[in-house]
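Dropping upload.cif in here (mmCIF, C-alpha atoms):
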```
data_coords
#
loop_
_atom_site.label_atom_id
_atom_site.label_comp_id
_atom_site.auth_asym_id
_atom_site.auth_seq_id
_atom_site.Cartn_x
_atom_site.Cartn_y
_atom_site.Cartn_z
CA MET A 1 9.37 42.86 -32.95
CA LYS A 2 6.53 40.59 -31.97
CA LYS A 3 5.61 40.88 -28.32
CA ILE A 4 5.77 37.65 -26.34
CA LYS A 5 2.34 36.75 -25.04
CA LYS A 6 2.15 35.28 -21.59
CA ILE A 7 -0.55 33.06 -20.14
CA LYS A 8 -1.46 31.79 -16.72
CA ILE A 9 -1.73 28.12 -15.97
CA LYS A 10 -2.17 26.14 -12.79
CA ILE A 11 0.39 23.55 -11.87
CA ASN A 12 -0.12 21.43 -8.75
CA GLY A 13 -2.58 24.01 -7.49
CA LYS A 14 -0.21 26.95 -7.95
CA ILE A 15 -0.67 29.64 -10.58
CA LYS A 16 2.28 30.05 -12.91
CA THR A 17 2.87 32.46 -15.75
CA ILE A 18 4.41 30.96 -18.86
CA ILE A 19 4.97 31.96 -22.47
CA ASP A 20 1.95 31.24 -24.64
CA ASN A 21 2.24 28.17 -26.83
CA SER A 22 4.96 26.62 -24.64
CA LYS A 23 5.15 22.89 -24.88
CA LEU A 24 4.40 20.70 -21.89
CA SER A 25 7.85 19.17 -22.27
CA GLU A 26 9.46 22.62 -21.98
CA LEU A 27 7.63 23.25 -18.72
CA ILE A 28 8.70 19.86 -17.33
CA LYS A 29 12.29 20.59 -18.28
CA HIS A 30 12.13 24.08 -16.80
CA LEU A 31 10.84 22.68 -13.50
CA LYS A 32 13.59 20.03 -13.53
CA ILE A 33 11.06 17.24 -13.03
CA PRO A 34 12.53 13.72 -13.36
CA LEU A 35 10.16 12.39 -16.00
CA ASN A 36 10.76 8.72 -15.20
CA LYS A 37 9.54 9.20 -11.63
CA VAL A 38 6.30 11.08 -12.21
CA ALA A 39 2.91 10.97 -13.87
CA ILE A 40 1.31 13.97 -15.52
CA GLU A 41 -2.29 15.04 -15.84
CA LEU A 42 -3.52 17.85 -18.06
CA ASN A 43 -7.03 19.03 -17.27
CA GLU A 44 -7.72 15.78 -15.43
CA GLU A 45 -6.56 13.62 -18.30
CA ILE A 46 -3.47 11.49 -17.98
CA ILE A 47 -0.83 12.40 -20.53
CA GLU A 48 1.44 9.68 -21.84
CA LYS A 49 5.00 10.79 -21.33
CA LYS A 50 5.97 10.45 -24.95
CA LYS A 51 3.22 12.87 -25.90
CA ILE A 52 4.46 15.80 -23.84
CA TYR A 53 6.67 16.99 -26.70
CA LYS A 54 3.65 17.62 -28.88
CA ILE A 55 1.28 19.24 -26.41
CA LYS A 56 1.09 23.02 -26.39
CA LEU A 57 -0.18 24.68 -23.24
CA LYS A 58 -3.15 26.98 -23.28
CA LYS A 59 -4.52 29.63 -20.94
CA ASN A 60 -6.01 28.22 -17.72
CA ASP A 61 -4.66 24.73 -18.31
CA LYS A 62 -4.54 22.70 -15.13
CA ILE A 63 -1.55 20.44 -14.73
CA GLU A 64 -0.94 17.90 -12.01
CA ILE A 65 2.43 16.24 -11.61
CA VAL A 66 2.55 13.44 -9.05
CA HIS A 67 5.08 10.99 -7.71
CA PHE A 68 5.41 8.39 -5.00
CA ILE A 69 5.99 9.39 -1.41
CA GLY A 70 5.98 7.48 1.85
CA GLY A 71 2.57 6.10 2.79
CA GLY A 72 0.86 3.24 4.56
CA MET B 1 12.06 -29.51 9.81
CA VAL B 2 9.50 -27.33 8.09
CA LYS B 3 10.81 -25.97 4.85
CA LEU B 4 9.53 -22.44 4.98
CA ASN B 5 11.62 -21.27 2.07
CA LYS B 6 9.26 -23.13 -0.22
CA ASP B 7 6.27 -21.62 1.51
CA LYS B 8 5.87 -18.44 -0.47
CA LEU B 9 3.32 -15.68 -0.51
CA LYS B 10 1.67 -15.61 -3.91
CA ILE B 11 -0.15 -12.50 -5.05
CA ALA B 12 -1.42 -12.14 -8.61
CA ASN B 13 1.00 -14.84 -9.78
CA LYS B 14 4.00 -13.15 -8.20
CA LYS B 15 5.84 -14.97 -5.45
CA PHE B 16 7.35 -13.40 -2.37
CA LYS B 17 9.51 -14.91 0.35
CA SER B 18 8.45 -12.42 3.00
CA ARG B 19 4.90 -12.34 4.29
CA LEU B 20 5.38 -8.94 5.83
CA ILE B 21 4.36 -5.90 3.83
CA VAL B 22 5.37 -2.56 5.27
CA GLY B 23 4.19 0.98 4.77
CA THR B 24 6.63 3.78 4.07
CA GLY B 25 4.78 6.58 5.84
CA LYS B 26 5.36 8.36 9.16
CA TYR B 27 9.11 7.75 9.41
CA ARG B 28 11.35 10.50 10.70
CA SER B 29 13.40 10.44 7.52
CA MET B 30 13.74 8.60 4.23
CA SER B 31 16.93 6.92 5.35
CA GLU B 32 15.26 5.66 8.53
CA CYS B 33 12.41 4.30 6.41
CA ALA B 34 14.81 2.54 4.05
CA LYS B 35 16.76 0.96 6.90
CA ALA B 36 13.62 -0.23 8.68
CA ILE B 37 12.39 -1.83 5.46
CA LYS B 38 15.67 -3.62 5.02
CA LEU B 39 15.55 -4.97 8.56
CA SER B 40 11.91 -6.05 8.19
CA GLY B 41 12.85 -8.21 5.22
CA ALA B 42 9.75 -6.92 3.40
CA GLU B 43 9.69 -7.29 -0.37
CA ILE B 44 6.57 -5.20 -0.87
CA VAL B 45 6.13 -1.65 0.41
CA THR B 46 3.10 0.58 0.17
CA VAL B 47 3.56 4.07 -1.23
CA ALA B 48 1.28 7.06 -1.65
CA VAL B 49 0.72 9.18 -4.75
CA ARG B 50 1.07 12.89 -4.12
CA ARG B 51 1.88 16.14 -5.90
CA VAL B 52 5.52 16.81 -6.70
CA ASN B 53 6.84 19.79 -4.77
CA ILE B 54 7.58 22.14 -7.64
CA THR B 55 9.07 24.89 -5.52
CA ASP B 56 11.49 22.85 -3.42
CA LYS B 57 13.29 20.64 -5.90
CA LYS B 58 15.87 19.53 -3.39
CA LYS B 59 13.38 17.48 -1.41
CA PRO B 60 14.54 13.85 -1.35
CA LEU B 61 12.62 11.39 -3.49
CA LEU B 62 11.42 8.04 -2.17
CA MET B 63 12.73 6.26 -5.25
CA ASP B 64 16.24 7.46 -4.45
CA TYR B 65 16.09 5.61 -1.13
CA ILE B 66 14.02 2.55 -1.97
CA ASP B 67 14.84 1.04 -5.33
CA PRO B 68 11.63 -0.04 -7.09
CA LYS B 69 13.67 -2.60 -9.03
CA LYS B 70 14.54 -4.40 -5.79
CA ILE B 71 11.42 -3.79 -3.72
CA THR B 72 7.90 -4.06 -5.12
CA TYR B 73 6.10 -0.75 -4.82
CA LEU B 74 2.46 -1.10 -3.93
CA PRO B 75 0.79 2.24 -4.73
CA ASN B 76 -2.14 3.00 -2.47
CA THR B 77 -5.10 5.33 -2.54
CA ALA B 78 -4.77 6.56 1.03
CA GLY B 79 -6.67 9.77 1.51
CA CYS B 80 -9.27 8.97 -1.15
CA PHE B 81 -12.87 9.16 0.00
CA ASN B 82 -14.66 8.07 -3.14
CA SER B 83 -14.28 5.84 -6.14
CA ARG B 84 -13.52 8.70 -8.54
CA GLU B 85 -10.54 9.89 -6.49
CA ALA B 86 -9.24 6.36 -5.99
CA LEU B 87 -9.42 5.47 -9.67
CA ARG B 88 -7.72 8.73 -10.64
CA THR B 89 -4.92 8.06 -8.15
CA LEU B 90 -4.25 4.52 -9.28
CA ARG B 91 -4.36 5.35 -12.97
CA LEU B 92 -1.71 7.98 -12.26
CA ALA B 93 0.29 5.47 -10.23
CA ARG B 94 0.26 3.09 -13.16
CA GLU B 95 1.46 5.89 -15.42
CA ILE B 96 4.47 6.62 -13.19
CA GLY B 97 6.07 3.36 -14.17
CA GLY B 98 3.68 0.65 -15.19
CA TRP B 99 2.51 -0.42 -11.75
CA LYS B 100 -0.43 -2.78 -11.99
CA LEU B 101 -0.34 -4.27 -8.53
CA VAL B 102 -2.09 -1.71 -6.36
CA LYS B 103 -3.68 -1.30 -2.98
CA LEU B 104 -7.18 0.09 -3.07
CA GLU B 105 -8.28 1.96 0.00
CA VAL B 106 -11.41 4.09 -0.11
CA LEU B 107 -12.12 5.64 3.23
CA GLY B 108 -15.55 6.54 4.49
CA ASP B 109 -14.96 8.46 7.69
CA LYS B 110 -12.21 10.93 8.52
CA LYS B 111 -12.15 9.99 12.21
CA ASN B 112 -12.28 6.21 12.31
CA LEU B 113 -10.84 5.75 8.81
CA PHE B 114 -13.10 2.80 8.15
CA PRO B 115 -13.38 1.81 4.51
CA ASP B 116 -16.42 2.83 2.49
CA MET B 117 -17.24 -0.60 1.19
CA ILE B 118 -19.79 0.55 -1.41
CA GLU B 119 -17.21 2.79 -3.09
CA THR B 120 -14.52 0.16 -2.58
CA LEU B 121 -16.58 -2.48 -4.32
CA LYS B 122 -17.37 -0.18 -7.26
CA SER B 123 -13.70 0.72 -7.64
CA THR B 124 -12.56 -2.91 -7.47
CA GLU B 125 -14.81 -3.83 -10.39
CA VAL B 126 -13.53 -0.99 -12.56
CA LEU B 127 -9.88 -1.57 -11.71
CA ALA B 128 -10.06 -5.30 -12.36
CA LYS B 129 -11.61 -4.61 -15.76
CA GLU B 130 -8.78 -2.17 -16.53
CA GLY B 131 -6.22 -4.85 -15.87
CA PHE B 132 -5.09 -3.80 -12.42
CA LYS B 133 -4.17 -6.38 -9.81
CA VAL B 134 -6.08 -5.07 -6.85
CA MET B 135 -5.32 -5.71 -3.23
CA VAL B 136 -8.28 -4.36 -1.33
CA TYR B 137 -8.35 -2.78 2.11
CA CYS B 138 -11.71 -3.71 3.56
CA ASN B 139 -13.81 -4.25 6.59
CA ASP B 140 -13.60 -7.59 8.40
CA ASP B 141 -16.98 -8.54 6.99
CA PRO B 142 -17.13 -12.00 5.40
CA LEU B 143 -19.98 -11.03 3.08
CA MET B 144 -18.16 -7.99 1.75
CA ALA B 145 -14.99 -10.03 1.39
CA LYS B 146 -16.93 -12.49 -0.76
CA ARG B 147 -18.30 -9.69 -2.90
CA LEU B 148 -14.83 -8.28 -3.41
CA GLU B 149 -13.62 -11.69 -4.48
CA ASN B 150 -16.45 -11.93 -6.99
CA SER B 151 -15.59 -8.45 -8.28
CA GLY B 152 -12.07 -9.45 -9.23
CA ALA B 153 -9.95 -8.58 -6.20
CA ASP B 154 -6.50 -10.19 -6.07
CA ALA B 155 -6.11 -10.00 -2.31
CA ILE B 156 -8.45 -9.37 0.59
CA MET B 157 -7.02 -7.04 3.21
CA PRO B 158 -9.31 -6.66 6.20
CA LEU B 159 -8.45 -4.28 8.98
CA ALA B 160 -7.48 -5.58 12.41
CA ALA B 161 -8.60 -2.30 13.95
CA PRO B 162 -8.74 1.34 12.76
CA ILE B 163 -5.69 2.50 10.77
CA GLY B 164 -2.89 3.66 13.03
CA SER B 165 -4.77 2.69 16.20
CA GLY B 166 -2.38 -0.03 17.37
CA LEU B 167 -5.31 -1.92 18.91
CA GLY B 168 -4.48 -5.30 17.39
CA ILE B 169 -6.92 -7.83 15.97
CA GLN B 170 -10.37 -7.06 17.31
CA ASN B 171 -12.44 -9.66 15.54
CA LYS B 172 -10.61 -12.94 15.23
CA ILE B 173 -13.77 -14.86 14.42
CA ASN B 174 -14.51 -12.76 11.33
CA ILE B 175 -10.95 -13.14 10.14
CA GLN B 176 -11.21 -16.91 10.57
CA ILE B 177 -14.50 -17.03 8.68
CA ILE B 178 -12.99 -15.02 5.82
CA ARG B 179 -9.99 -17.37 5.87
CA LYS B 180 -12.24 -20.40 5.55
CA GLN B 181 -14.20 -19.01 2.63
CA THR B 182 -11.47 -17.62 0.43
CA LYS B 183 -8.45 -18.94 -1.40
CA LEU B 184 -7.32 -15.44 -2.24
CA PRO B 185 -4.37 -14.05 -0.30
CA LEU B 186 -5.70 -12.77 3.01
CA ILE B 187 -3.62 -10.00 4.48
CA ILE B 188 -4.31 -8.15 7.69
CA ASP B 189 -4.04 -4.48 6.95
CA ALA B 190 -4.12 -1.75 9.57
CA GLY B 191 -4.45 -1.56 13.31
CA LEU B 192 -1.58 -3.71 14.53
CA GLY B 193 0.35 -2.38 17.49
CA GLN B 194 3.07 -4.83 18.36
CA ALA B 195 4.85 -7.84 16.94
CA SER B 196 2.65 -10.39 18.70
CA ASP B 197 -0.37 -9.01 16.83
CA ALA B 198 1.30 -10.13 13.61
CA THR B 199 1.89 -13.58 15.06
CA ILE B 200 -1.79 -13.85 15.95
CA ALA B 201 -2.79 -12.81 12.44
CA MET B 202 -0.57 -15.48 10.95
CA GLU B 203 -1.83 -18.09 13.39
CA LEU B 204 -5.38 -17.33 12.29
CA GLY B 205 -4.27 -18.47 8.86
CA CYS B 206 -3.66 -15.12 7.19
CA ASP B 207 -1.19 -15.11 4.31
CA GLY B 208 0.50 -11.94 5.43
CA VAL B 209 0.29 -8.69 7.35
CA LEU B 210 0.71 -5.07 6.40
CA VAL B 211 2.27 -2.82 9.01
CA ASN B 212 3.19 0.84 8.98
CA THR B 213 2.60 2.87 12.12
CA ALA B 214 3.55 0.11 14.58
CA ILE B 215 7.06 0.09 13.12
CA ALA B 216 7.48 3.70 12.02
CA LYS B 217 6.27 5.17 15.30
CA ALA B 218 7.84 2.65 17.67
CA LYS B 219 10.46 4.14 19.98
CA LYS B 220 13.01 1.99 18.19
CA PRO B 221 11.75 1.44 14.64
CA PHE B 222 14.68 -0.74 13.56
CA GLU B 223 14.26 -3.16 16.44
CA MET B 224 10.50 -3.21 15.90
CA ALA B 225 10.97 -3.93 12.18
CA LEU B 226 13.06 -6.94 13.12
CA ALA B 227 10.52 -7.99 15.76
CA PHE B 228 7.72 -7.94 13.17
CA LYS B 229 9.83 -9.93 10.74
CA ASN B 230 10.37 -12.64 13.34
CA ALA B 231 6.78 -12.48 14.56
CA VAL B 232 5.40 -13.13 11.08
CA ILE B 233 7.75 -16.08 10.60
CA ALA B 234 6.86 -17.46 14.05
CA GLY B 235 3.14 -17.12 13.39
CA ARG B 236 3.37 -18.82 10.03
CA GLN B 237 5.43 -21.68 11.46
CA SER B 238 2.97 -22.05 14.31
CA TYR B 239 0.00 -22.09 11.93
CA LYS B 240 1.63 -24.67 9.68
CA SER B 241 2.60 -26.84 12.65
CA GLY B 242 -0.98 -27.54 13.75
CA ARG B 243 -1.74 -26.41 17.25
CA ILE B 244 -3.01 -28.75 19.98
CA ASP B 245 -6.66 -28.94 20.92
CA LYS B 246 -7.85 -26.73 23.74
CA ILE B 247 -9.12 -28.55 26.84
CA LEU B 248 -10.64 -27.17 29.98
CA MET B 249 -8.67 -29.08 32.62
CA GLY B 250 -4.97 -29.77 33.14
CA ASN B 251 -3.12 -32.57 31.44
CA PRO B 252 0.30 -33.37 32.99
CA SER B 253 3.32 -33.24 30.75
CA SER B 254 5.27 -35.84 32.80
CA PRO B 255 4.17 -39.50 32.92
CA SER B 256 2.21 -40.48 36.01
CA LYS B 257 3.63 -44.02 35.87
CA GLY B 258 6.62 -44.65 38.15
CA ILE B 259 5.93 -41.80 40.53
CA ILE B 260 7.81 -42.53 43.80
#
```

The structure given in the file should be rewritten as structure tokens.
Amino acid sequence: MKKIKKIKIKINGKIKTIIDNSKLSELIKHLKIPLNKVAIELNEEIIEKKKIYKIKLKKNDKIEIVHFIGGG
Amino acid sequence: MVKLNKDKLKIANKKFKSRLIVGTGKYRSMSECAKAIKLSGAEIVTVAVRRVNITDKKKPLLMDYIDPKKITYLPNTAGCFNSREALRTLRLAREIGGWKLVKLEVLGDKKNLFPDMIETLKSTEVLAKEGFKVMVYCNDDPLMAKRLENSGADAIMPLAAPIGSGLGIQNKINIQIIRKQTKLPLIIDAGLGQASDATIAMELGCDGVLVNTAIAKAKKPFEMALAFKNAVIAGRQSYKSGRIDKILMGNPSSPSKGII
């Protein structure tokens, strides 16, 4: 049986171990992020939400997921 | 009778009945924030862009309390200290749900929170070119205000005093000069402490005021929200009514003819 390879990525500044070749959409789903209320950046590049189903995550990828909070 | 319901605040071709914009920060809870906004009558609220808490998913979301379909969200760049950070923040804000109307705020000093006008100016140019409608937090400097206008700003938002200071309007003359030179919406942003400060801003001819701390941190935020609502209306009515000239000596209100 093929061994599952795991990689480390950074999401919102925190290191997370995920299965290699996971899609960005799978990660979003796993984290239970409400997609309509956030914006996503991959390695400092904004990712259109419809494209997350095609993007495969690589080692050391840096992801930022932001939303609106209270502010002046 | 002055028909104030026809007197609307117009920003980037959008019309608003209320001339009070409120911030959503510093409240004790989301529900308190939502109630204060409702009482203030504000139709625009500023919001910040921050990381989603990926470990605590139960944390309440702002959008669950304040419906962006009913209230216009005005994403800000609070906490950004250069153009690069500000642009990144607002591009992300736009991606969240198509927000184009934004508040640009590039700070230059961590203590006094004054805007860095060089970085602000640079950012305004880029944002305007990218199709953003930019409301710009700025110094109360008429020359800088003019430059912002020429760079494509959609609203000029000079500070009354440092953010969160509650000091009220410190330089009325500058605000009046900016008012005279620009047709853009002029909105006092930052530094107000009490409702009367908002009245003064409106009486100087400003198109609106933006308030956060003065409401959120008041002992009774709901009452203060209402006070600001009324103060803005009073100030606007007063401004539109045309005040009397100032004279040095007294001028009796009762006729002198027929005195016994």

Selection under test: the PyMOL selection byres ((chain B and resi 85) around 12); residues as a PyMOL selection string: (chain A and resi 44) or (chain B and resi 49+76-84+86-92+104-107+119-120+123)

Keeping C-alpha atoms for every residue in the selection just given, could you write it to a file as an mmCIF file, in the coordinates of the input?
```cif
data_model
loop_
_atom_site.group_PDB
_atom_site.id
_atom_site.type_symbol
_atom_site.label_atom_id
_atom_site.label_comp_id
_atom_site.auth_asym_id
_atom_site.auth_seq_id
_atom_site.Cartn_x
_atom_site.Cartn_y
_atom_site.Cartn_z
ATOM 1 C CA GLU A 44 -7.720 15.780 -15.430
ATOM 2 C CA VAL B 49 0.720 9.180 -4.750
ATOM 3 C CA ASN B 76 -2.140 3.000 -2.470
ATOM 4 C CA THR B 77 -5.100 5.330 -2.540
ATOM 5 C CA ALA B 78 -4.770 6.560 1.030
ATOM 6 C CA GLY B 79 -6.670 9.770 1.510
ATOM 7 C CA CYS B 80 -9.270 8.970 -1.150
ATOM 8 C CA PHE B 81 -12.870 9.160 0.000
ATOM 9 C CA ASN B 82 -14.660 8.070 -3.140
ATOM 10 C CA SER B 83 -14.280 5.840 -6.140
ATOM 11 C CA ARG B 84 -13.520 8.700 -8.540
ATOM 12 C CA ALA B 86 -9.240 6.360 -5.990
ATOM 13 C CA LEU B 87 -9.420 5.470 -9.670
ATOM 14 C CA ARG B 88 -7.720 8.730 -10.640
ATOM 15 C CA THR B 89 -4.920 8.060 -8.150
ATOM 16 C CA LEU B 90 -4.250 4.520 -9.280
ATOM 17 C CA ARG B 91 -4.360 5.350 -12.970
ATOM 18 C CA LEU B 92 -1.710 7.980 -12.260
ATOM 19 C CA LEU B 104 -7.180 0.090 -3.070
ATOM 20 C CA GLU B 105 -8.280 1.960 0.000
ATOM 21 C CA VAL B 106 -11.410 4.090 -0.110
ATOM 22 C CA LEU B 107 -12.120 5.640 3.230
ATOM 23 C CA GLU B 119 -17.210 2.790 -3.090
ATOM 24 C CA THR B 120 -14.520 0.160 -2.580
ATOM 25 C CA SER B 123 -13.700 0.720 -7.640
#
```

What would the selection look like, as a JSON list (two decimals) with C-alpha atoms, keeping the file's coordinate frame, if the PyMOL selection byres ((chain B) within 9 of (chain A)) were run on the coordinates I just shared?
```json
[["chain", "number", "residue", "atom", "x", "y", "z"],
["B", 22, "VAL", "CA", 5.37, -2.56, 5.27],
["B", 23, "GLY", "CA", 4.19, 0.98, 4.77],
["B", 24, "THR", "CA", 6.63, 3.78, 4.07],
["B", 25, "GLY", "CA", 4.78, 6.58, 5.84],
["B", 26, "LYS", "CA", 5.36, 8.36, 9.16],
["B", 27, "TYR", "CA", 9.11, 7.75, 9.41],
["B", 30, "MET", "CA", 13.74, 8.60, 4.23],
["B", 33, "CYS", "CA", 12.41, 4.30, 6.41],
["B", 45, "VAL", "CA", 6.13, -1.65, 0.41],
["B", 46, "THR", "CA", 3.10, 0.58, 0.17],
["B", 47, "VAL", "CA", 3.56, 4.07, -1.23],
["B", 48, "ALA", "CA", 1.28, 7.06, -1.65],
["B", 49, "VAL", "CA", 0.72, 9.18, -4.75],
["B", 50, "ARG", "CA", 1.07, 12.89, -4.12],
["B", 51, "ARG", "CA", 1.88, 16.14, -5.90],
["B", 52, "VAL", "CA", 5.52, 16.81, -6.70],
["B", 53, "ASN", "CA", 6.84, 19.79, -4.77],
["B", 54, "ILE", "CA", 7.58, 22.14, -7.64],
["B", 55, "THR", "CA", 9.07, 24.89, -5.52],
["B", 57, "LYS", "CA", 13.29, 20.64, -5.90],
["B", 61, "LEU", "CA", 12.62, 11.39, -3.49],
["B", 62, "LEU", "CA", 11.42, 8.04, -2.17],
["B", 63, "MET", "CA", 12.73, 6.26, -5.25],
["B", 75, "PRO", "CA", 0.79, 2.24, -4.73],
["B", 76, "ASN", "CA", -2.14, 3.00, -2.47],
["B", 78, "ALA", "CA", -4.77, 6.56, 1.03],
["B", 88, "ARG", "CA", -7.72, 8.73, -10.64],
["B", 91, "ARG", "CA", -4.36, 5.35, -12.97],
["B", 92, "LEU", "CA", -1.71, 7.98, -12.26],
["B", 93, "ALA", "CA", 0.29, 5.47, -10.23],
["B", 94, "ARG", "CA", 0.26, 3.09, -13.16],
["B", 95, "GLU", "CA", 1.46, 5.89, -15.42],
["B", 96, "ILE", "CA", 4.47, 6.62, -13.19],
["B", 97, "GLY", "CA", 6.07, 3.36, -14.17],
["B", 190, "ALA", "CA", -4.12, -1.75, 9.57],
["B", 210, "LEU", "CA", 0.71, -5.07, 6.40],
["B", 211, "VAL", "CA", 2.27, -2.82, 9.01],
["B", 212, "ASN", "CA", 3.19, 0.84, 8.98],
["B", 213, "THR", "CA", 2.60, 2.87, 12.12]]
```

d(atom CA of B:Glu125, atom CA of B:Leu148) in Å: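 That distance, rounded to one decimal, is 8.3 Å.
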
Result set, the PyMOL selection byres ((chain B and resi 168) around 8) on current file, as a PDB file with C-alpha atoms, in the frame of the given file:
```
ATOM      1  CA  ALA B 160      -7.480  -5.580  12.410  1.00  0.00           C
ATOM      2  CA  ALA B 161      -8.600  -2.300  13.950  1.00  0.00           C
ATOM      3  CA  GLY B 166      -2.380  -0.030  17.370  1.00  0.00           C
ATOM      4  CA  LEU B 167      -5.310  -1.920  18.910  1.00  0.00           C
ATOM      5  CA  ILE B 169      -6.920  -7.830  15.970  1.00  0.00           C
ATOM      6  CA  GLN B 170     -10.370  -7.060  17.310  1.00  0.00           C
ATOM      7  CA  GLY B 191      -4.450  -1.560  13.310  1.00  0.00           C
ATOM      8  CA  LEU B 192      -1.580  -3.710  14.530  1.00  0.00           C
ATOM      9  CA  GLY B 193       0.350  -2.380  17.490  1.00  0.00           C
ATOM     10  CA  GLN B 194       3.070  -4.830  18.360  1.00  0.00           C
ATOM     11  CA  ASP B 197      -0.370  -9.010  16.830  1.00  0.00           C
TER      12      ASP B 197
END
```

Atom CA of B:Ile71 to atom CA of B:Ser151, straight-line distance in Å: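 One can read the atom CA of B:Ser151 to atom CA of B:Ile71 distance as 27.8 Å.
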
Distance of atom CA of A:Lys16 from atom CA of A:Lys29, expressed in Å to one decimal place: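 A separation of 14.8 Å between them.
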
What would stretch 147-165 of chain B look like with N, CA and C atoms restored, written as an mmCIF file, keeping the file's coordinate frame?
```cif
data_model
loop_
_atom_site.group_PDB
_atom_site.id
_atom_site.type_symbol
_atom_site.label_atom_id
_atom_site.label_comp_id
_atom_site.auth_asym_id
_atom_site.auth_seq_id
_atom_site.Cartn_x
_atom_site.Cartn_y
_atom_site.Cartn_z
ATOM 1 N N ARG B 147 -17.931 -10.556 -1.774
ATOM 2 C CA ARG B 147 -18.300 -9.690 -2.900
ATOM 3 C C ARG B 147 -17.064 -9.138 -3.610
ATOM 4 N N LEU B 148 -16.081 -8.779 -2.814
ATOM 5 C CA LEU B 148 -14.830 -8.280 -3.410
ATOM 6 C C LEU B 148 -14.196 -9.356 -4.277
ATOM 7 N N GLU B 149 -14.198 -10.561 -3.743
ATOM 8 C CA GLU B 149 -13.620 -11.690 -4.480
ATOM 9 C C GLU B 149 -14.347 -11.863 -5.819
ATOM 10 N N ASN B 150 -15.657 -11.783 -5.771
ATOM 11 C CA ASN B 150 -16.450 -11.930 -6.990
ATOM 12 C C ASN B 150 -16.265 -10.751 -7.962
ATOM 13 N N SER B 151 -15.796 -9.634 -7.431
ATOM 14 C CA SER B 151 -15.590 -8.450 -8.280
ATOM 15 C C SER B 151 -14.216 -8.410 -8.907
ATOM 16 N N GLY B 152 -13.374 -9.391 -8.580
ATOM 17 C CA GLY B 152 -12.070 -9.450 -9.230
ATOM 18 C C GLY B 152 -10.888 -9.011 -8.394
ATOM 19 N N ALA B 153 -11.077 -8.953 -7.066
ATOM 20 C CA ALA B 153 -9.950 -8.580 -6.200
ATOM 21 C C ALA B 153 -8.863 -9.659 -6.251
ATOM 22 N N ASP B 154 -7.629 -9.248 -6.074
ATOM 23 C CA ASP B 154 -6.500 -10.190 -6.070
ATOM 24 C C ASP B 154 -6.021 -10.516 -4.667
ATOM 25 N N ALA B 155 -6.413 -9.723 -3.711
ATOM 26 C CA ALA B 155 -6.110 -10.000 -2.310
ATOM 27 C C ALA B 155 -7.131 -9.285 -1.443
ATOM 28 N N ILE B 156 -7.495 -9.952 -0.353
ATOM 29 C CA ILE B 156 -8.450 -9.370 0.590
ATOM 30 C C ILE B 156 -7.644 -8.868 1.780
ATOM 31 N N MET B 157 -7.820 -7.599 2.117
ATOM 32 C CA MET B 157 -7.020 -7.040 3.210
ATOM 33 C C MET B 157 -7.894 -6.382 4.289
ATOM 34 N N PRO B 158 -8.456 -7.232 5.152
ATOM 35 C CA PRO B 158 -9.310 -6.660 6.200
ATOM 36 C C PRO B 158 -8.490 -5.963 7.283
ATOM 37 N N LEU B 159 -9.113 -4.987 7.894
ATOM 38 C CA LEU B 159 -8.450 -4.280 8.980
ATOM 39 C C LEU B 159 -8.479 -5.137 10.242
ATOM 40 N N ALA B 160 -7.477 -4.953 11.089
ATOM 41 C CA ALA B 160 -7.480 -5.580 12.410
ATOM 42 C C ALA B 160 -8.234 -4.673 13.362
ATOM 43 N N ALA B 161 -8.026 -3.378 13.146
ATOM 44 C CA ALA B 161 -8.600 -2.300 13.950
ATOM 45 C C ALA B 161 -8.394 -1.026 13.129
ATOM 46 N N PRO B 162 -8.938 0.123 13.569
ATOM 47 C CA PRO B 162 -8.740 1.340 12.760
ATOM 48 C C PRO B 162 -7.260 1.612 12.430
ATOM 49 N N ILE B 163 -7.050 2.174 11.242
ATOM 50 C CA ILE B 163 -5.690 2.500 10.770
ATOM 51 C C ILE B 163 -4.940 3.309 11.822
ATOM 52 N N GLY B 164 -3.738 2.893 12.117
ATOM 53 C CA GLY B 164 -2.890 3.660 13.030
ATOM 54 C C GLY B 164 -3.273 3.556 14.499
ATOM 55 N N SER B 165 -4.282 2.738 14.820
ATOM 56 C CA SER B 165 -4.770 2.690 16.200
ATOM 57 C C SER B 165 -3.905 1.830 17.114
#
```
